[in-house]
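Source file: model26.json; contents: JSON, C-alpha atoms.
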```json
[["chain", "number", "residue", "atom", "x", "y", "z"],
["A", 396, "MET", "CA", -4.39, 61.59, -40.37],
["A", 397, "TRP", "CA", -3.23, 58.20, -41.63],
["A", 398, "TYR", "CA", -4.98, 56.19, -44.34],
["A", 399, "ALA", "CA", -4.97, 52.40, -44.55],
["A", 400, "CYS", "CA", -6.64, 50.15, -47.09],
["A", 401, "SER", "CA", -6.82, 46.47, -47.94],
["A", 402, "ILE", "CA", -7.53, 45.78, -51.60],
["A", 403, "SER", "CA", -9.86, 43.01, -52.71],
["A", 404, "LEU", "CA", -8.31, 41.34, -55.74],
["A", 405, "ASN", "CA", -10.34, 39.54, -58.40],
["A", 406, "SER", "CA", -13.68, 40.78, -57.03],
["A", 407, "TYR", "CA", -15.51, 42.08, -60.07],
["A", 408, "PHE", "CA", -19.26, 42.35, -59.72],
["A", 409, "LYS", "CA", -21.33, 43.74, -62.59],
["A", 410, "GLU", "CA", -24.42, 43.55, -60.37],
["A", 411, "LEU", "CA", -22.77, 45.43, -57.48],
["A", 412, "ARG", "CA", -21.71, 48.96, -58.30],
["A", 413, "ILE", "CA", -20.02, 50.96, -55.56],
["A", 414, "ASP", "CA", -19.20, 54.43, -56.85],
["A", 415, "SER", "CA", -18.75, 56.12, -53.48],
["A", 416, "PRO", "CA", -17.69, 54.99, -49.98],
["A", 417, "ILE", "CA", -20.15, 52.93, -47.90],
["A", 418, "ASP", "CA", -19.71, 53.04, -44.15],
["A", 419, "LEU", "CA", -19.63, 49.54, -42.64],
["A", 420, "GLY", "CA", -19.16, 50.71, -39.05],
["A", 421, "SER", "CA", -16.24, 50.16, -36.67],
["A", 422, "GLY", "CA", -14.33, 52.82, -38.59],
["A", 423, "ILE", "CA", -14.23, 50.79, -41.82],
["A", 424, "ARG", "CA", -15.73, 51.65, -45.16],
["A", 425, "ILE", "CA", -15.77, 49.96, -48.56],
["A", 426, "GLU", "CA", -14.93, 52.17, -51.50],
["A", 427, "PRO", "CA", -13.49, 52.19, -55.02],
["A", 428, "VAL", "CA", -9.71, 51.86, -54.88],
["A", 429, "PRO", "CA", -8.37, 55.45, -54.97],
["A", 430, "LYS", "CA", -6.31, 56.18, -58.07],
["A", 431, "TRP", "CA", -3.46, 57.54, -55.97],
["A", 432, "VAL", "CA", -3.16, 54.15, -54.18],
["A", 433, "LYS", "CA", -2.42, 52.60, -57.58],
["A", 434, "ALA", "CA", 0.43, 55.03, -58.26],
["A", 435, "ASP", "CA", 3.92, 53.57, -58.74],
["A", 436, "GLU", "CA", 5.17, 55.24, -55.54],
["A", 437, "ALA", "CA", 2.57, 53.33, -53.53],
["A", 438, "LEU", "CA", 3.25, 49.95, -55.15],
["A", 439, "LYS", "CA", 7.03, 49.94, -54.94],
["A", 440, "LEU", "CA", 7.18, 47.24, -52.23],
["A", 441, "HIS", "CA", 4.99, 44.77, -54.12],
["A", 442, "SER", "CA", 5.88, 42.25, -56.81],
["A", 443, "TRP", "CA", 5.22, 42.92, -60.48],
["A", 444, "ARG", "CA", 2.26, 40.53, -60.48],
["A", 445, "ASP", "CA", 0.76, 42.15, -57.38],
["A", 446, "ARG", "CA", 1.21, 45.60, -58.89],
["A", 447, "GLU", "CA", -0.66, 44.56, -62.02],
["A", 448, "ASN", "CA", -3.48, 42.95, -60.03],
["A", 449, "ILE", "CA", -3.79, 45.98, -57.75],
["A", 450, "LYS", "CA", -4.03, 48.33, -60.73],
["A", 451, "LYS", "CA", -6.96, 46.25, -62.05],
["A", 452, "ALA", "CA", -8.73, 46.03, -58.68],
["A", 453, "GLU", "CA", -11.96, 47.92, -58.11],
["A", 454, "LEU", "CA", -12.78, 47.72, -54.38],
["A", 455, "ALA", "CA", -10.94, 48.26, -51.12],
["A", 456, "PHE", "CA", -11.67, 48.41, -47.41],
["A", 457, "ALA", "CA", -10.40, 51.65, -45.91],
["A", 458, "VAL", "CA", -9.72, 53.13, -42.48],
["A", 459, "GLU", "CA", -8.49, 56.54, -41.39],
["A", 460, "TYR", "CA", -6.77, 56.89, -38.04],
["A", 461, "GLU", "CA", -4.47, 59.11, -36.05],
["A", 462, "ALA", "CA", -0.96, 57.94, -35.16],
["A", 463, "ASP", "CA", 2.29, 59.61, -34.17],
["A", 464, "ASP", "CA", 4.41, 57.17, -36.12],
["A", 465, "LEU", "CA", 4.64, 53.68, -37.56],
["A", 466, "GLY", "CA", 4.40, 51.28, -34.63],
["A", 467, "SER", "CA", 2.66, 53.73, -32.29],
["A", 468, "PRO", "CA", 0.77, 51.74, -29.65],
["A", 469, "ASP", "CA", -2.98, 51.41, -30.03],
["A", 470, "PRO", "CA", -4.53, 53.32, -27.09],
["A", 471, "ASP", "CA", -7.71, 51.22, -27.28],
["A", 472, "TRP", "CA", -5.90, 47.88, -27.09],
["A", 473, "LYS", "CA", -6.47, 46.11, -23.75],
["A", 474, "GLY", "CA", -4.12, 43.16, -24.20],
["A", 475, "SER", "CA", -1.27, 42.39, -21.82],
["A", 476, "SER", "CA", 1.39, 43.34, -24.40],
["A", 477, "PRO", "CA", 1.35, 46.60, -26.39],
["A", 478, "ARG", "CA", 0.11, 46.43, -29.96],
["A", 479, "SER", "CA", 0.56, 48.97, -32.73],
["A", 480, "ILE", "CA", -2.33, 50.85, -34.27],
["A", 481, "GLN", "CA", -1.34, 49.42, -37.65],
["A", 482, "ALA", "CA", -1.62, 45.85, -36.32],
["A", 483, "SER", "CA", -5.08, 46.61, -34.93],
["A", 484, "VAL", "CA", -6.21, 48.01, -38.28],
["A", 485, "ASP", "CA", -4.89, 44.96, -40.13],
["A", 486, "GLU", "CA", -6.78, 42.70, -37.72],
["A", 487, "LYS", "CA", -9.98, 44.63, -38.46],
["A", 488, "PHE", "CA", -9.49, 44.01, -42.18],
["A", 489, "SER", "CA", -8.99, 40.27, -41.59],
["A", 490, "LEU", "CA", -12.00, 40.02, -39.31],
["A", 491, "LEU", "CA", -14.15, 41.92, -41.79],
["A", 492, "ALA", "CA", -13.20, 39.38, -44.45],
["A", 493, "VAL", "CA", -14.50, 36.66, -42.12],
["A", 494, "THR", "CA", -17.77, 38.47, -41.38],
["A", 495, "LEU", "CA", -18.27, 39.02, -45.12],
["A", 496, "TRP", "CA", -18.01, 35.23, -45.48],
["A", 497, "LEU", "CA", -20.51, 34.79, -42.66],
["A", 498, "SER", "CA", -22.89, 37.21, -44.34],
["A", 499, "LYS", "CA", -22.46, 35.81, -47.86],
["A", 500, "PRO", "CA", -19.38, 34.01, -49.21],
["A", 501, "SER", "CA", -18.01, 35.72, -52.31],
["A", 502, "LYS", "CA", -14.75, 36.85, -53.87],
["A", 503, "LEU", "CA", -14.89, 40.03, -51.81],
["A", 504, "THR", "CA", -12.11, 39.69, -49.23],
["A", 505, "CYS", "CA", -8.96, 41.36, -47.93],
["A", 506, "GLY", "CA", -5.62, 41.32, -49.73],
["A", 507, "PRO", "CA", -2.70, 43.72, -50.31],
["A", 508, "THR", "CA", -2.68, 46.25, -47.49],
["A", 509, "PHE", "CA", -1.19, 49.75, -47.28],
["A", 510, "HIS", "CA", -0.64, 52.30, -44.52],
["A", 511, "PHE", "CA", -0.01, 55.89, -45.63],
["A", 512, "GLY", "CA", 1.03, 58.70, -43.33],
["A", 513, "ARG", "CA", -1.02, 61.22, -45.33],
["A", 514, "ILE", "CA", -4.25, 60.80, -47.26],
["A", 515, "GLY", "CA", -3.95, 61.23, -51.00],
["A", 516, "GLU", "CA", -0.14, 61.15, -51.08],
["A", 517, "PRO", "CA", 1.30, 57.89, -52.47],
["A", 518, "ASP", "CA", 4.84, 58.84, -51.48],
["A", 519, "SER", "CA", 3.75, 58.89, -47.82],
["A", 520, "LEU", "CA", 3.60, 55.07, -47.81],
["A", 521, "ARG", "CA", 4.96, 53.81, -44.51],
["A", 522, "THR", "CA", 4.35, 50.06, -44.73],
["A", 523, "SER", "CA", 2.60, 47.56, -46.96],
["A", 524, "GLY", "CA", 2.09, 43.83, -47.11],
["A", 525, "SER", "CA", -0.63, 41.32, -47.86],
["A", 526, "LEU", "CA", -3.23, 39.75, -45.61],
["A", 527, "ARG", "CA", -4.34, 36.18, -46.19],
["A", 528, "PRO", "CA", -7.65, 36.29, -48.09],
["A", 529, "VAL", "CA", -10.67, 34.21, -47.20],
["A", 530, "LEU", "CA", -10.97, 31.33, -49.68],
["A", 531, "ILE", "CA", -14.29, 30.10, -51.04],
["A", 532, "SER", "CA", -15.52, 27.08, -52.99],
["A", 533, "GLU", "CA", -15.98, 27.03, -56.75],
["A", 534, "GLU", "CA", -19.73, 26.97, -56.23],
["A", 535, "GLU", "CA", -19.47, 30.28, -54.33],
["A", 536, "ASN", "CA", -17.36, 32.06, -56.94],
["A", 537, "ASN", "CA", -20.47, 33.41, -58.66],
["A", 538, "ASN", "CA", -22.04, 34.77, -55.48],
["A", 539, "VAL", "CA", -22.66, 38.50, -55.62],
["A", 540, "PRO", "CA", -23.03, 40.35, -52.31],
["A", 541, "CYS", "CA", -25.64, 43.07, -52.13],
["A", 542, "ILE", "CA", -25.54, 46.23, -50.04],
["A", 543, "ASP", "CA", -27.55, 44.52, -47.30],
["A", 544, "ASP", "CA", -24.94, 41.72, -47.17],
["A", 545, "LEU", "CA", -22.22, 44.33, -46.72],
["A", 546, "ARG", "CA", -24.10, 46.09, -43.94],
["A", 547, "LYS", "CA", -24.80, 42.76, -42.22],
["A", 548, "ALA", "CA", -21.06, 42.00, -42.36],
["A", 549, "GLY", "CA", -20.41, 45.37, -40.73],
["A", 550, "LEU", "CA", -22.83, 44.59, -37.90],
["A", 551, "LEU", "CA", -21.24, 41.17, -37.40],
["A", 552, "LEU", "CA", -17.80, 42.83, -37.29],
["A", 553, "ALA", "CA", -18.96, 45.18, -34.53],
["A", 554, "SER", "CA", -20.15, 42.16, -32.56],
["A", 555, "VAL", "CA", -16.85, 40.32, -33.12],
["A", 556, "LEU", "CA", -14.80, 43.31, -31.99],
["A", 557, "GLY", "CA", -16.83, 43.44, -28.79],
["A", 558, "VAL", "CA", -16.28, 39.78, -27.90],
["A", 559, "GLU", "CA", -14.38, 39.13, -24.67],
["A", 560, "ARG", "CA", -11.09, 37.58, -25.77],
["A", 561, "SER", "CA", -10.79, 35.10, -22.93],
["A", 562, "GLY", "CA", -13.91, 33.06, -23.80],
["A", 563, "SER", "CA", -14.85, 30.25, -26.14],
["A", 564, "VAL", "CA", -16.47, 32.51, -28.75],
["A", 565, "TRP", "CA", -13.20, 34.37, -29.34],
["A", 566, "VAL", "CA", -11.37, 31.03, -29.62],
["A", 567, "ALA", "CA", -13.91, 30.02, -32.27],
["A", 568, "ILE", "CA", -13.39, 33.30, -34.15],
["A", 569, "ARG", "CA", -9.60, 32.91, -34.15],
["A", 570, "MET", "CA", -9.88, 29.35, -35.42],
["A", 571, "LEU", "CA", -12.36, 30.43, -38.08],
["A", 572, "VAL", "CA", -9.88, 33.01, -39.40],
["A", 573, "ARG", "CA", -7.34, 30.18, -39.69],
["A", 574, "ALA", "CA", -9.84, 27.81, -41.33],
["A", 575, "LEU", "CA", -11.09, 30.20, -43.99],
["A", 576, "THR", "CA", -7.58, 31.10, -45.19],
["A", 577, "GLU", "CA", -6.53, 27.43, -45.51],
["A", 578, "ASN", "CA", -6.17, 26.06, -49.03],
["A", 579, "MET", "CA", -5.87, 22.32, -48.23],
["A", 580, "TRP", "CA", -9.39, 20.97, -47.73],
["A", 581, "GLU", "CA", -8.42, 18.43, -45.03],
["A", 582, "ALA", "CA", -6.79, 21.14, -42.92],
["A", 583, "ARG", "CA", -9.67, 23.56, -43.51],
["A", 584, "TYR", "CA", -12.15, 20.84, -42.51],
["A", 585, "LEU", "CA", -10.25, 20.15, -39.28],
["A", 586, "TRP", "CA", -10.00, 23.83, -38.36],
["A", 587, "GLU", "CA", -13.73, 24.24, -38.91],
["A", 588, "TRP", "CA", -14.42, 21.38, -36.54],
["A", 589, "VAL", "CA", -12.16, 23.06, -34.00],
["A", 590, "VAL", "CA", -14.50, 26.06, -34.36],
["A", 591, "LEU", "CA", -17.54, 23.88, -33.67],
["A", 592, "GLU", "CA", -15.82, 22.14, -30.78],
["A", 593, "ALA", "CA", -14.93, 25.51, -29.23],
["A", 594, "ILE", "CA", -18.63, 26.39, -29.33],
["A", 595, "PHE", "CA", -20.39, 23.10, -28.67],
["A", 596, "GLY", "CA", -17.74, 20.71, -27.40],
["A", 597, "PRO", "CA", -18.14, 19.23, -23.90],
["A", 598, "GLU", "CA", -15.46, 19.95, -21.34],
["A", 599, "ASN", "CA", -15.45, 16.24, -20.47],
["A", 600, "PRO", "CA", -14.06, 14.41, -23.54],
["A", 601, "ASN", "CA", -16.10, 11.25, -22.90],
["A", 602, "GLU", "CA", -18.59, 10.55, -25.70],
["A", 603, "THR", "CA", -17.48, 13.68, -27.54],
["A", 604, "THR", "CA", -18.92, 12.63, -30.90],
["A", 605, "TYR", "CA", -22.38, 11.93, -29.50],
["A", 606, "ARG", "CA", -22.62, 14.93, -27.18],
["A", 607, "LEU", "CA", -21.17, 17.39, -29.68],
["A", 608, "SER", "CA", -23.52, 16.20, -32.44],
["A", 609, "GLN", "CA", -26.46, 16.17, -30.04],
["A", 610, "ARG", "CA", -25.81, 19.73, -28.94],
["A", 611, "ILE", "CA", -25.57, 20.90, -32.55],
["A", 612, "GLY", "CA", -28.86, 19.20, -33.38],
["A", 613, "LEU", "CA", -30.58, 20.69, -30.34],
["A", 614, "PHE", "CA", -29.18, 24.18, -31.01],
["A", 615, "PHE", "CA", -30.32, 24.33, -34.63],
["A", 616, "GLY", "CA", -33.34, 22.05, -34.79],
["A", 617, "GLU", "CA", -36.82, 23.54, -34.48],
["A", 618, "ASP", "CA", -38.66, 20.23, -34.11],
["A", 619, "PRO", "CA", -37.81, 16.59, -33.30],
["A", 620, "GLU", "CA", -37.42, 15.63, -36.97],
["A", 621, "SER", "CA", -35.01, 18.47, -37.82],
["A", 622, "ARG", "CA", -33.04, 17.95, -34.59],
["A", 623, "ARG", "CA", -32.57, 14.27, -35.43],
["A", 624, "ARG", "CA", -31.56, 15.06, -39.03],
["A", 625, "ILE", "CA", -28.99, 17.69, -38.00],
["A", 626, "PHE", "CA", -27.68, 15.36, -35.29],
["A", 627, "GLU", "CA", -27.07, 12.58, -37.84],
["A", 628, "GLU", "CA", -25.45, 14.98, -40.33],
["A", 629, "ALA", "CA", -23.13, 16.40, -37.68],
["A", 630, "LYS", "CA", -22.21, 12.95, -36.36],
["A", 631, "LYS", "CA", -21.33, 11.71, -39.86],
["A", 632, "ALA", "CA", -19.27, 14.82, -40.61],
["A", 633, "TYR", "CA", -17.48, 14.57, -37.26],
["A", 634, "THR", "CA", -16.64, 10.91, -37.93],
["A", 635, "TRP", "CA", -14.68, 11.95, -41.02],
["A", 636, "ARG", "CA", -12.99, 14.66, -38.97],
["A", 637, "SER", "CA", -11.81, 11.98, -36.54],
["A", 638, "LYS", "CA", -10.52, 9.77, -39.36],
["A", 639, "ILE", "CA", -8.44, 12.63, -40.71],
["A", 640, "VAL", "CA", -7.04, 13.49, -37.27],
["A", 641, "HIS", "CA", -6.13, 9.90, -36.46],
["A", 642, "GLY", "CA", -4.59, 9.10, -39.81],
["A", 643, "GLY", "CA", -7.44, 6.94, -41.07],
["A", 644, "ARG", "CA", -7.52, 5.96, -44.71],
["A", 645, "LEU", "CA", -9.63, 8.28, -46.80],
["A", 646, "SER", "CA", -9.83, 6.05, -49.88],
["A", 647, "LYS", "CA", -13.55, 5.50, -49.27],
["A", 648, "LEU", "CA", -14.16, 9.24, -49.12],
["A", 649, "THR", "CA", -15.40, 10.04, -52.61],
["A", 650, "PRO", "CA", -15.23, 13.57, -54.04],
["A", 651, "GLU", "CA", -19.01, 13.76, -53.72],
["A", 652, "THR", "CA", -18.92, 12.71, -50.05],
["A", 653, "SER", "CA", -16.07, 15.08, -49.20],
["A", 654, "GLN", "CA", -17.97, 17.95, -50.84],
["A", 655, "ASP", "CA", -21.13, 17.05, -48.92],
["A", 656, "MET", "CA", -19.22, 16.89, -45.62],
["A", 657, "ALA", "CA", -17.45, 20.19, -46.31],
["A", 658, "GLU", "CA", -20.72, 21.93, -47.21],
["A", 659, "CYS", "CA", -22.46, 20.52, -44.12],
["A", 660, "THR", "CA", -19.66, 21.63, -41.83],
["A", 661, "GLU", "CA", -19.38, 25.11, -43.31],
["A", 662, "ARG", "CA", -23.13, 25.57, -43.08],
["A", 663, "LEU", "CA", -23.08, 24.62, -39.40],
["A", 664, "VAL", "CA", -20.16, 26.97, -38.73],
["A", 665, "ARG", "CA", -21.75, 29.88, -40.55],
["A", 666, "GLU", "CA", -25.19, 29.48, -39.01],
["A", 667, "ALA", "CA", -23.80, 28.96, -35.52],
["A", 668, "MET", "CA", -21.55, 32.02, -35.63],
["A", 669, "VAL", "CA", -24.25, 34.26, -37.12],
["A", 670, "LYS", "CA", -26.83, 33.09, -34.59],
["A", 671, "ILE", "CA", -24.48, 33.69, -31.66],
["A", 672, "LEU", "CA", -23.00, 36.98, -32.88],
["A", 673, "THR", "CA", -26.43, 38.48, -33.54],
["A", 674, "SER", "CA", -27.80, 37.57, -30.11],
["A", 675, "PRO", "CA", -26.41, 39.40, -27.05],
["A", 676, "GLU", "CA", -27.98, 36.74, -24.84],
["A", 677, "LEU", "CA", -26.28, 33.85, -26.66],
["A", 678, "LEU", "CA", -22.96, 35.72, -26.68],
["A", 679, "VAL", "CA", -23.11, 35.91, -22.92],
["A", 680, "GLU", "CA", -24.05, 32.23, -22.57],
["A", 681, "PHE", "CA", -21.38, 30.89, -24.93],
["A", 682, "ASN", "CA", -18.61, 33.15, -23.69],
["A", 683, "SER", "CA", -19.18, 32.47, -19.99],
["A", 684, "LYS", "CA", -18.56, 29.68, -17.52],
["A", 685, "ASN", "CA", -22.22, 28.73, -17.92],
["A", 686, "ARG", "CA", -21.73, 27.44, -21.48],
["A", 687, "GLU", "CA", -21.85, 23.78, -20.42],
["A", 688, "GLU", "CA", -24.96, 24.31, -18.33],
["A", 689, "TYR", "CA", -26.68, 26.19, -21.14],
["A", 690, "LEU", "CA", -25.89, 23.54, -23.77],
["A", 691, "ASP", "CA", -27.04, 20.71, -21.51],
["A", 692, "SER", "CA", -30.26, 22.59, -20.80],
["A", 693, "LEU", "CA", -31.19, 22.49, -24.51],
["A", 694, "LEU", "CA", -32.10, 18.84, -24.07],
["A", 695, "PHE", "CA", -34.97, 19.85, -21.82],
["A", 696, "ALA", "CA", -35.96, 23.10, -23.53],
["A", 697, "ASP", "CA", -39.57, 23.49, -24.56],
["A", 698, "ARG", "CA", -39.56, 24.13, -28.33],
["A", 699, "ALA", "CA", -43.32, 24.03, -28.74]]
```

In structure tokens, write the structure found in this file.
Amino acid sequence: MWYACSISLNSYFKELRIDSPIDLGSGIRIEPVPKWVKADEALKLHSWRDRENIKKAELAFAVEYEADDLGSPDPDWKGSSPRSIQASVDEKFSLLAVTLWLSKPSKLTCGPTFHFGRIGEPDSLRTSGSLRPVLISEEENNNVPCIDDLRKAGLLLASVLGVERSGSVWVAIRMLVRALTENMWEARYLWEWVVLEAIFGPENPNETTYRLSQRIGLFFGEDPESRRRIFEEAKKAYTWRSKIVHGGRLSKLTPETSQDMAECTERLVREAMVKILTSPELLVEFNSKNREEYLDSLLFADRA
């Protein structure tokens, strides 16, 4: 039985004490970093700084799995090209980091990752590396996830893992992984709009700004006033996205405005993904050929 873990660095929560493993579903649990994982034999492939940070770390995501060897193909993988079990496990860690962000952004994310051939034996290390962590804003640094947030992230992960990989929802998930690990705010902002375009964007590019913003307003708004407000917010945020893409000057974009636009966009992304991933009906609609028809039908939906 193999053991893999991805260690969350710099995630210290006085209000959240995890003294024993908590099952998050999909074969993943969150647990205190085992002492044997911090042994010198296990950390030999990491830099001195990483070794020191890992020794201080408190929490890790862990998976146990069966494999004949390093690189053994994943029997559950349905892609056209073979993929190793280790690669599938690493993807689960990365996707869990995203669903944790969807549930509640905090410093809890993936990081240095290890695969051991035998549980409890640091010298059985077969491979190690580091996954790109999800990055959060300064305002979110003090967020503390609770047990319910962790369980919600686990449920969202199960939904993500069940998404058909040929549809628009999976495209949005892939782009979200890229967005949340991006340090440059302009690039992160653009990737997040790619997420929203994958979900709400019209197949016909004519009047993209208006139709995309309208669909977002109709999807989230519960009454005419809120639909109009969300429409205007989305249209303004998308305008800045277009300026960045087309090389427009950003001198008029003040730090306050850029923060407002970033917060608006991330809120739309988070709420859209959570709403879709927690609704089997919406998952079907957004991941099928009927997405356009469904989005257009929102204009005539009875919200009374």

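Minimum atom-to-atom distance to Ile611 of chain A, evaluated using only C-alpha atoms, belongs to A:Glu666 out of A:Glu587, A:Glu680, A:Glu666, A:Glu461.
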
Practice item. For Thr504 of chain A, please output as a ChimeraX atom specification all residues within 9 Å (counting all atoms listed in the file; exclusion window: fewer than 3 positions along the same chain). Key: /A:401-404,406,455-456,488-489,491-493,495-496,501,528-530

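Residues within 9 Å of Phe614 of chain A, counting only C-alpha atoms and excluding same-chain residues fewer than 6 positions away, are Arg622, Ala667, Leu690 and Leu693 of chain A.
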
Review point. Do you know which residues are at most 12 Å from Asp435 of chain A counting only C-alpha atoms, after dropping those on the same chain fewer than 2 positions away, and could you put them as number ranges by chain?
Key: A: 430-433, 437-443, 445-447, 449-450, 516-518, 520

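When only C-alpha atoms are used to compute distances to Gly422 of chain A, the closest of the residues A:Pro619, A:Pro507, A:Gly549, A:Gly557 turns out to be A:Gly549.
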
Practice item. Considering only C-alpha atoms, return as a VMD selection string whatever protein or nucleic-acid residues lie within 12 Å of Ser561 of chain A, sequence-local ones (same chain, fewer than 4 positions apart) excluded. Key: chain A and resid 473 to 474 557 565 to 569 681 to 684

Practice item. Quick one: pull the distance between atom CA of Val664 of chain A and atom CA of Glu410 of chain A, Å, one decimal. Key: 27.6 Å

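Neighbours of Ser608 of chain A closer than or equal to 8 Å, with all atoms listed in the file counted and sequence neighbours fewer than 6 positions away skipped, come out as Ile625, Phe626, Glu627, Ala629, Lys630 and Tyr633 of chain A.
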
Check your understanding: Which of these residues is nearest to Leu465 of chain A, using all atoms listed in the file: A:Val555, A:Ile480, A:Ile413, A:Ile514?
Key -> A:Ile480
